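Trainee: Got query.tsv for you, TSV, C-alpha atoms and all ligand atoms:
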```tsv
chain	number	residue	atom	x	y	z
Y	1	MET	CA	-0.03	-28.57	-4.40
Y	2	PRO	CA	-3.69	-28.33	-3.36
Y	3	LYS	CA	-6.15	-29.58	-5.94
Y	4	PHE	CA	-7.81	-26.23	-6.63
Y	5	MET	CA	-4.43	-24.64	-7.33
Y	6	ALA	CA	-3.41	-27.40	-9.74
Y	7	LYS	CA	-6.68	-26.94	-11.56
Y	8	SER	CA	-6.44	-23.17	-11.80
Y	9	LEU	CA	-2.85	-23.43	-12.99
Y	10	LEU	CA	-3.79	-25.87	-15.73
Y	11	ILE	CA	-6.65	-23.74	-16.92
Y	12	PHE	CA	-4.43	-20.71	-16.97
Y	13	ILE	CA	-1.74	-22.47	-18.96
Y	14	ALA	CA	-4.43	-23.55	-21.40
Y	15	SER	CA	-5.76	-20.00	-21.57
Y	16	ALA	CA	-2.30	-18.49	-22.04
Y	17	SER	CA	-1.69	-20.66	-25.09
Y	18	SER	CA	-5.02	-19.59	-26.51
Y	19	LEU	CA	-4.30	-15.89	-26.07
Y	20	ALA	CA	-2.92	-15.66	-29.58
Y	21	GLY	CA	-5.97	-17.40	-31.09
Y	22	PRO	CA	-9.06	-15.86	-32.60
Y	23	ALA	CA	-11.24	-13.53	-30.54
Y	24	GLY	CA	-12.96	-15.18	-27.57
Y	25	SER	CA	-12.24	-16.02	-23.98
Y	26	GLY	CA	-8.46	-15.67	-24.35
Y	27	THR	CA	-8.87	-12.03	-25.28
Y	28	ASP	CA	-11.27	-11.59	-22.35
Y	29	ARG	CA	-8.65	-12.92	-19.97
Y	30	LEU	CA	-6.01	-10.56	-21.29
Y	31	ARG	CA	-8.47	-7.71	-20.91
Y	32	TYR	CA	-9.36	-8.78	-17.35
Y	33	LEU	CA	-5.66	-8.97	-16.48
Y	34	GLU	CA	-4.94	-5.52	-17.81
Y	35	GLU	CA	-8.04	-4.11	-16.11
Y	36	SER	CA	-7.10	-5.75	-12.78
Y	37	ARG	CA	-3.54	-4.45	-12.93
Y	38	ASN	CA	-4.82	-0.95	-13.60
Y	39	ILE	CA	-7.32	-1.06	-10.74
Y	40	ALA	CA	-4.74	-2.38	-8.26
Y	41	LYS	CA	-2.26	0.32	-9.28
Y	42	GLU	CA	-4.77	3.14	-9.16
Y	43	PHE	CA	-6.23	1.92	-5.85
Y	44	MET	CA	-2.80	1.80	-4.18
Y	45	GLN	CA	-1.66	5.13	-5.61
Y	46	THR	CA	-4.84	7.00	-4.71
Y	47	LEU	CA	-5.04	5.55	-1.22
Y	48	GLY	CA	-1.33	6.12	-0.56
Y	49	GLY	CA	-1.62	9.74	-1.73
Y	50	THR	CA	-4.69	10.38	0.43
Y	51	LEU	CA	-3.04	8.81	3.48
Y	52	LYS	CA	0.14	10.81	2.99
Y	53	LYS	CA	-1.80	14.08	2.71
Y	54	GLN	CA	-3.84	13.34	5.80
Y	55	LEU	CA	-0.76	12.33	7.81
Y	56	GLU	CA	0.95	15.58	6.80
Y	57	ALA	CA	-2.09	17.73	7.50
Y	58	GLY	CA	-3.34	16.16	10.70
Y	59	SER	CA	-2.46	13.67	13.41
Y	60	PRO	CA	-1.92	9.94	12.72
Y	61	GLU	CA	-5.18	9.34	14.62
Y	62	SER	CA	-7.01	11.51	12.12
Y	63	ALA	CA	-5.62	9.39	9.25
Y	64	ILE	CA	-7.20	6.23	10.65
Y	65	SER	CA	-10.41	7.06	8.83
Y	66	VAL	CA	-8.54	6.92	5.48
Y	67	CYS	CA	-7.75	3.23	5.99
Y	68	LYS	CA	-11.03	2.62	7.76
Y	69	ARG	CA	-13.57	4.44	5.60
Y	70	ILE	CA	-12.01	5.63	2.35
Y	71	ALA	CA	-10.26	2.34	1.51
Y	72	PRO	CA	-13.39	0.15	1.85
Y	73	ALA	CA	-15.42	2.80	0.00
Y	74	MET	CA	-12.92	2.74	-2.85
Y	75	ALA	CA	-13.00	-1.07	-2.95
Y	76	ALA	CA	-16.80	-0.93	-3.08
Y	77	GLY	CA	-16.61	1.66	-5.86
Y	78	TYR	CA	-14.43	-0.62	-7.99
Y	79	SER	CA	-16.74	-3.58	-7.28
Y	80	LYS	CA	-19.13	-3.31	-10.21
Y	81	ASP	CA	-19.74	-4.88	-13.65
Y	82	GLY	CA	-19.39	-8.40	-12.22
Y	83	ARG	CA	-16.20	-7.55	-10.35
Y	84	VAL	CA	-15.37	-7.82	-6.64
Y	85	VAL	CA	-12.42	-5.83	-5.25
Y	86	LYS	CA	-11.07	-6.28	-1.70
Y	87	ARG	CA	-8.03	-5.75	0.47
Y	88	VAL	CA	-7.02	-8.86	2.38
Y	89	SER	CA	-4.22	-9.89	4.72
Y	90	LEU	CA	-2.96	-12.94	6.61
Y	91	LYS	CA	-2.73	-10.64	9.64
Y	92	ASN	CA	-5.90	-8.64	9.10
Y	93	ARG	CA	-6.99	-5.76	11.26
Y	94	ASN	CA	-10.63	-5.84	10.22
Y	95	PRO	CA	-11.97	-9.32	11.02
Y	96	LEU	CA	-14.91	-8.90	8.63
Y	97	ILE	CA	-13.63	-7.41	5.40
Y	98	GLY	CA	-9.88	-8.01	5.71
Y	99	LEU	CA	-10.12	-11.80	6.03
Y	100	PRO	CA	-8.88	-13.82	3.02
Y	101	ASP	CA	-10.89	-16.69	1.55
Y	102	GLN	CA	-9.24	-20.08	1.05
Y	103	TRP	CA	-7.73	-19.23	-2.34
Y	104	GLU	CA	-6.54	-15.80	-1.17
Y	105	ARG	CA	-4.95	-17.33	1.93
Y	106	GLN	CA	-2.98	-19.80	-0.20
Y	107	VAL	CA	-1.82	-17.02	-2.53
Y	108	LEU	CA	-0.82	-14.75	0.38
Y	109	GLU	CA	1.26	-17.60	1.82
Y	110	ASP	CA	2.93	-18.07	-1.59
Y	111	PHE	CA	3.55	-14.29	-1.74
Y	112	ASP	CA	5.29	-14.38	1.66
Y	113	ARG	CA	7.44	-17.29	0.49
Y	114	ASP	CA	8.43	-15.43	-2.71
Y	115	PHE	CA	9.21	-12.35	-0.63
Y	116	HIS	CA	11.41	-14.32	1.77
Y	117	ASP	CA	13.14	-15.85	-1.27
Y	118	GLY	CA	14.18	-12.32	-2.24
Y	119	LYS	CA	11.49	-11.10	-4.65
Y	120	PRO	CA	10.55	-7.43	-3.99
Y	121	ALA	CA	6.97	-7.13	-2.68
Y	122	ALA	CA	6.14	-4.55	-5.36
Y	123	ASP	CA	6.75	-7.14	-8.13
Y	124	ILE	CA	4.57	-9.91	-6.70
Y	125	GLU	CA	1.21	-10.77	-8.31
Y	126	LYS	CA	-0.90	-13.82	-9.14
Y	127	ILE	CA	-3.37	-14.58	-11.91
Y	128	ALA	CA	-5.65	-17.62	-12.11
Y	129	ILE	CA	-8.91	-18.97	-13.43
Y	130	VAL	CA	-10.68	-20.64	-10.51
Y	131	ASP	CA	-13.72	-22.92	-10.59
Y	132	ASP	CA	-15.85	-22.44	-7.49
Y	133	PRO	CA	-19.25	-23.94	-6.65
Y	134	ASP	CA	-20.75	-20.57	-7.69
Y	135	GLY	CA	-19.05	-20.49	-11.08
Y	136	ARG	CA	-15.81	-19.77	-12.89
Y	137	TRP	CA	-13.85	-16.69	-11.88
Y	138	PHE	CA	-10.91	-14.76	-13.21
Y	139	ARG	CA	-8.84	-13.99	-10.12
Y	140	TYR	CA	-6.01	-11.55	-9.59
Y	141	MET	CA	-3.97	-10.59	-6.54
Y	142	LYS	CA	-1.31	-7.94	-6.14
Y	143	ALA	CA	0.91	-7.68	-3.06
Y	144	ILE	CA	0.75	-4.42	-1.08
Y	145	PRO	CA	4.21	-3.41	0.19
Y	146	THR	CA	4.59	-1.71	3.58
Y	147	GLN	CA	5.88	1.85	3.19
Y	148	PRO	CA	7.51	3.93	5.95
Y	149	MET	CA	4.27	5.89	6.58
Y	150	CYS	CA	2.34	2.66	7.18
Y	151	LEU	CA	4.40	1.88	10.28
Y	152	GLN	CA	2.56	4.49	12.35
Y	153	CYS	CA	-0.40	2.14	12.35
Y	154	HIS	CA	1.04	-1.23	11.26
Y	155	GLY	CA	4.61	-1.19	12.65
Y	156	SER	CA	6.04	-2.38	15.93
Y	157	SER	CA	5.03	-0.98	19.31
Y	158	ASN	CA	7.78	1.70	19.12
Y	159	ASP	CA	6.50	2.98	15.76
Y	160	ILE	CA	2.87	3.44	16.80
Y	161	PRO	CA	1.98	6.63	18.70
Y	162	ALA	CA	0.03	6.16	21.95
Y	163	GLY	CA	-3.04	7.93	20.56
Y	164	VAL	CA	-3.24	5.51	17.63
Y	165	LYS	CA	-2.74	2.52	19.94
Y	166	ALA	CA	-5.67	3.68	22.03
Y	167	VAL	CA	-8.01	4.00	19.02
Y	168	LEU	CA	-6.91	0.63	17.61
Y	169	ALA	CA	-7.42	-1.10	20.96
Y	170	GLU	CA	-10.90	0.38	21.17
Y	171	GLU	CA	-12.05	-0.24	17.60
Y	172	TYR	CA	-10.12	-3.39	16.67
Y	173	PRO	CA	-9.84	-5.62	19.74
Y	174	GLU	CA	-8.79	-8.53	17.49
Y	175	ASP	CA	-6.16	-6.52	15.57
Y	176	LYS	CA	-3.42	-8.68	14.05
Y	177	ALA	CA	-2.04	-6.03	11.66
Y	178	THR	CA	1.03	-4.81	13.56
Y	179	GLY	CA	4.73	-5.73	13.68
Y	180	TYR	CA	5.42	-4.99	10.00
Y	181	LYS	CA	8.70	-3.58	8.68
Y	182	VAL	CA	9.27	-1.40	5.60
Y	183	GLY	CA	9.14	-3.58	2.47
Y	184	ASP	CA	7.11	-6.40	4.08
Y	185	ILE	CA	3.95	-7.56	2.36
Y	186	ARG	CA	1.13	-5.93	4.34
Y	187	GLY	CA	-1.56	-7.76	2.38
Y	188	ALA	CA	-2.95	-7.77	-1.13
Y	189	ILE	CA	-5.51	-6.25	-3.39
Y	190	SER	CA	-7.72	-9.08	-4.55
Y	191	ILE	CA	-9.91	-8.80	-7.62
Y	192	LYS	CA	-12.29	-11.42	-8.93
Y	193	ARG	CA	-14.47	-11.31	-11.98
Y	194	ARG	CA	-17.06	-13.77	-13.15
Y	195	MET	CA	-16.15	-15.44	-16.44
R	1	LIG	C1	-3.45	6.12	10.44
R	1	LIG	C2	-3.42	4.71	10.59
R	1	LIG	C3	-3.10	3.84	9.40
R	1	LIG	C4	-2.09	4.02	8.50
R	1	LIG	C5	-1.06	5.13	8.43
R	1	LIG	C6	-2.18	2.91	7.59
R	1	LIG	N1	-3.22	2.08	7.94
R	1	LIG	FE1	-3.77	0.36	7.01
R	1	LIG	N2	-5.31	0.13	8.27
R	1	LIG	C7	-5.63	1.00	9.29
R	1	LIG	C8	-6.91	0.62	9.83
R	1	LIG	C9	-7.65	1.32	10.94
R	1	LIG	C10	-7.34	-0.52	9.11
R	1	LIG	C11	-8.64	-1.31	9.26
R	1	LIG	C12	-9.61	-0.78	8.22
R	1	LIG	C13	-10.96	-1.44	8.24
R	1	LIG	O1	-11.67	-1.33	9.23
R	1	LIG	O2	-11.28	-2.09	7.23
R	1	LIG	C14	-6.30	-0.79	8.12
R	1	LIG	C15	-6.39	-1.81	7.22
R	1	LIG	C16	-5.48	-2.05	6.23
R	1	LIG	C17	-5.56	-3.11	5.25
R	1	LIG	C18	-6.72	-4.11	5.07
R	1	LIG	C19	-6.46	-5.46	5.66
R	1	LIG	C20	-6.60	-5.49	7.15
R	1	LIG	O3	-5.56	-5.58	7.81
R	1	LIG	O4	-7.73	-5.43	7.67
R	1	LIG	C21	-4.46	-3.02	4.47
R	1	LIG	C22	-4.08	-3.91	3.31
R	1	LIG	C23	-3.71	-1.87	4.94
R	1	LIG	N3	-4.35	-1.30	6.02
R	1	LIG	C24	-2.53	-1.44	4.38
R	1	LIG	C25	-1.89	-0.26	4.72
R	1	LIG	C26	-0.72	0.25	4.03
R	1	LIG	C27	-0.02	-0.45	2.87
R	1	LIG	C28	-0.41	1.44	4.61
R	1	LIG	C29	0.65	2.41	4.19
R	1	LIG	C30	0.65	2.83	2.80
R	1	LIG	C31	-1.36	1.64	5.69
R	1	LIG	N4	-2.25	0.60	5.72
R	1	LIG	C32	-1.33	2.73	6.53
R	1	LIG	C33	-4.89	2.07	9.71
R	1	LIG	C34	-3.81	2.61	9.03
```
Is it possible to express this structure as structure tokens?
Ligand code: HEC
Mentor:
Amino acid sequence: MPKFMAKSLLIFIASASSLAGPAGSGTDRLRYLEESRNIAKEFMQTLGGTLKKQLEAGSPESAISVCKRIAPAMAAGYSKDGRVVKRVSLKNRNPLIGLPDQWERQVLEDFDRDFHDGKPAADIEKIAIVDDPDGRWFRYMKAIPTQPMCLQCHGSSNDIPAGVKAVLAEEYPEDKATGYKVGDIRGAISIKRRM
């Protein structure tokens, strides 16, 4: 186990046992966990609903802007009060904002392992307290499962319409975010909050 993971695990175990104690950081952590779960759920539901509507109303090409503009705008909107919210993936499409940091990469690899061991993607999450050079952070990640509608832009070559392929080739020359099947982990919502 990498050192930073061992450390975060230990701190979390320590924090979990202090959750029942008097008011203080334990209560904060519980609150951060609840808040993070709510944000991840709302983010996925709102984005999924918007995508679905746009796919029904217009062409798949026209829905690209939902993943491209609305999703990052929503993440930015949730990123306030000391919180940073992102969407990350091991096979990211956007090389700038979709790229995981070292901790996120490790967690995404663990998520894939859990998934291959039979755990449904929708049930996979991770909580940790991580000490970085820039301070101590509460960190949370929630796996994003691939739904049937996602395949039009993240599936195999047969799933993706020619018009979408053309836009993706033009706008994302380094695209890695294809070849997914329904149920696969497409990536994760990652939330960090300064402690
Ligand atoms: C109409 C095309 C389209 C559909 C449908 C679509 N996406 Fe995307 N997706 C994109 C584009 C384009 C990006 C890159 C956005 C950016 O520039 O940040 C992206 C990026 C992402 C990212 C951010 C990480 C990365 O790869 O850069 C995640 C996570 C993601 N999509 C998940 C999903 C899921 C889950 C679904 C289905 C519920 C879905 N997408 C459906 C086009 C689509």
Trainee: Using all atoms listed in the file, which residue out of Y:His116, Y:Arg136, Y:Arg87, Y:Arg93 lies closest to Gly183 in chain Y?
Mentor: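 That would be Y:His116, the residue with the smallest distance to Gly183 in chain Y.
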Trainee: Need the shell around Ser157 in chain Y: protein/DNA/RNA residues with any atom at most 9 Å away, counting all atoms listed in the file. Skip same-chain ones fewer than 6 positions apart. Format as a VMD selection string?
Mentor: chain Y and resid 165 178 to 179
Trainee: Between CA of Glu174 in chain Y and atom C4 of ligand LIG 1 (chain R), what is the distance in Å, rounded to a tenth?
Mentor: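 These two atoms are separated by 16.8 Å.
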Trainee: Distance limit 8 Å, reference ligand LIG 1 (chain R), atoms considered: all atoms listed in the file. Which residues make the cut? Give them as a PyMOL selection string.
Mentor: chain Y and resi 44+47-48+51-52+55+60-69+71-72+87-99+144-154+164+168+172+175-177+186-189
Trainee: From (-19.7, -16.6, -9.6), in the file's coordinates, out to 8 Å: which residues are reached, counting only C-alpha atoms? Answer as a list in words.
Mentor: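 Checking each residue against the 8 Å limit leaves Asp132, Pro133, Asp134, Gly135, Arg136, Trp137, Arg193, Arg194 and Met195 of chain Y.
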Trainee: Would you mind reading off the distance between CA of Gly82 in chain Y and CA of Glu35 in chain Y, one decimal, in Å?
Mentor: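 Distance reported for this atom pair: 12.7 Å.
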Trainee: So, counting only C-alpha atoms, which residue among Y:Ala169, Y:Met74, Y:Leu33, Y:Val107 is closest to Thr50 in chain Y?
Mentor: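 Looking at the shortest contact to Thr50 in chain Y, the residue is Y:Met74.
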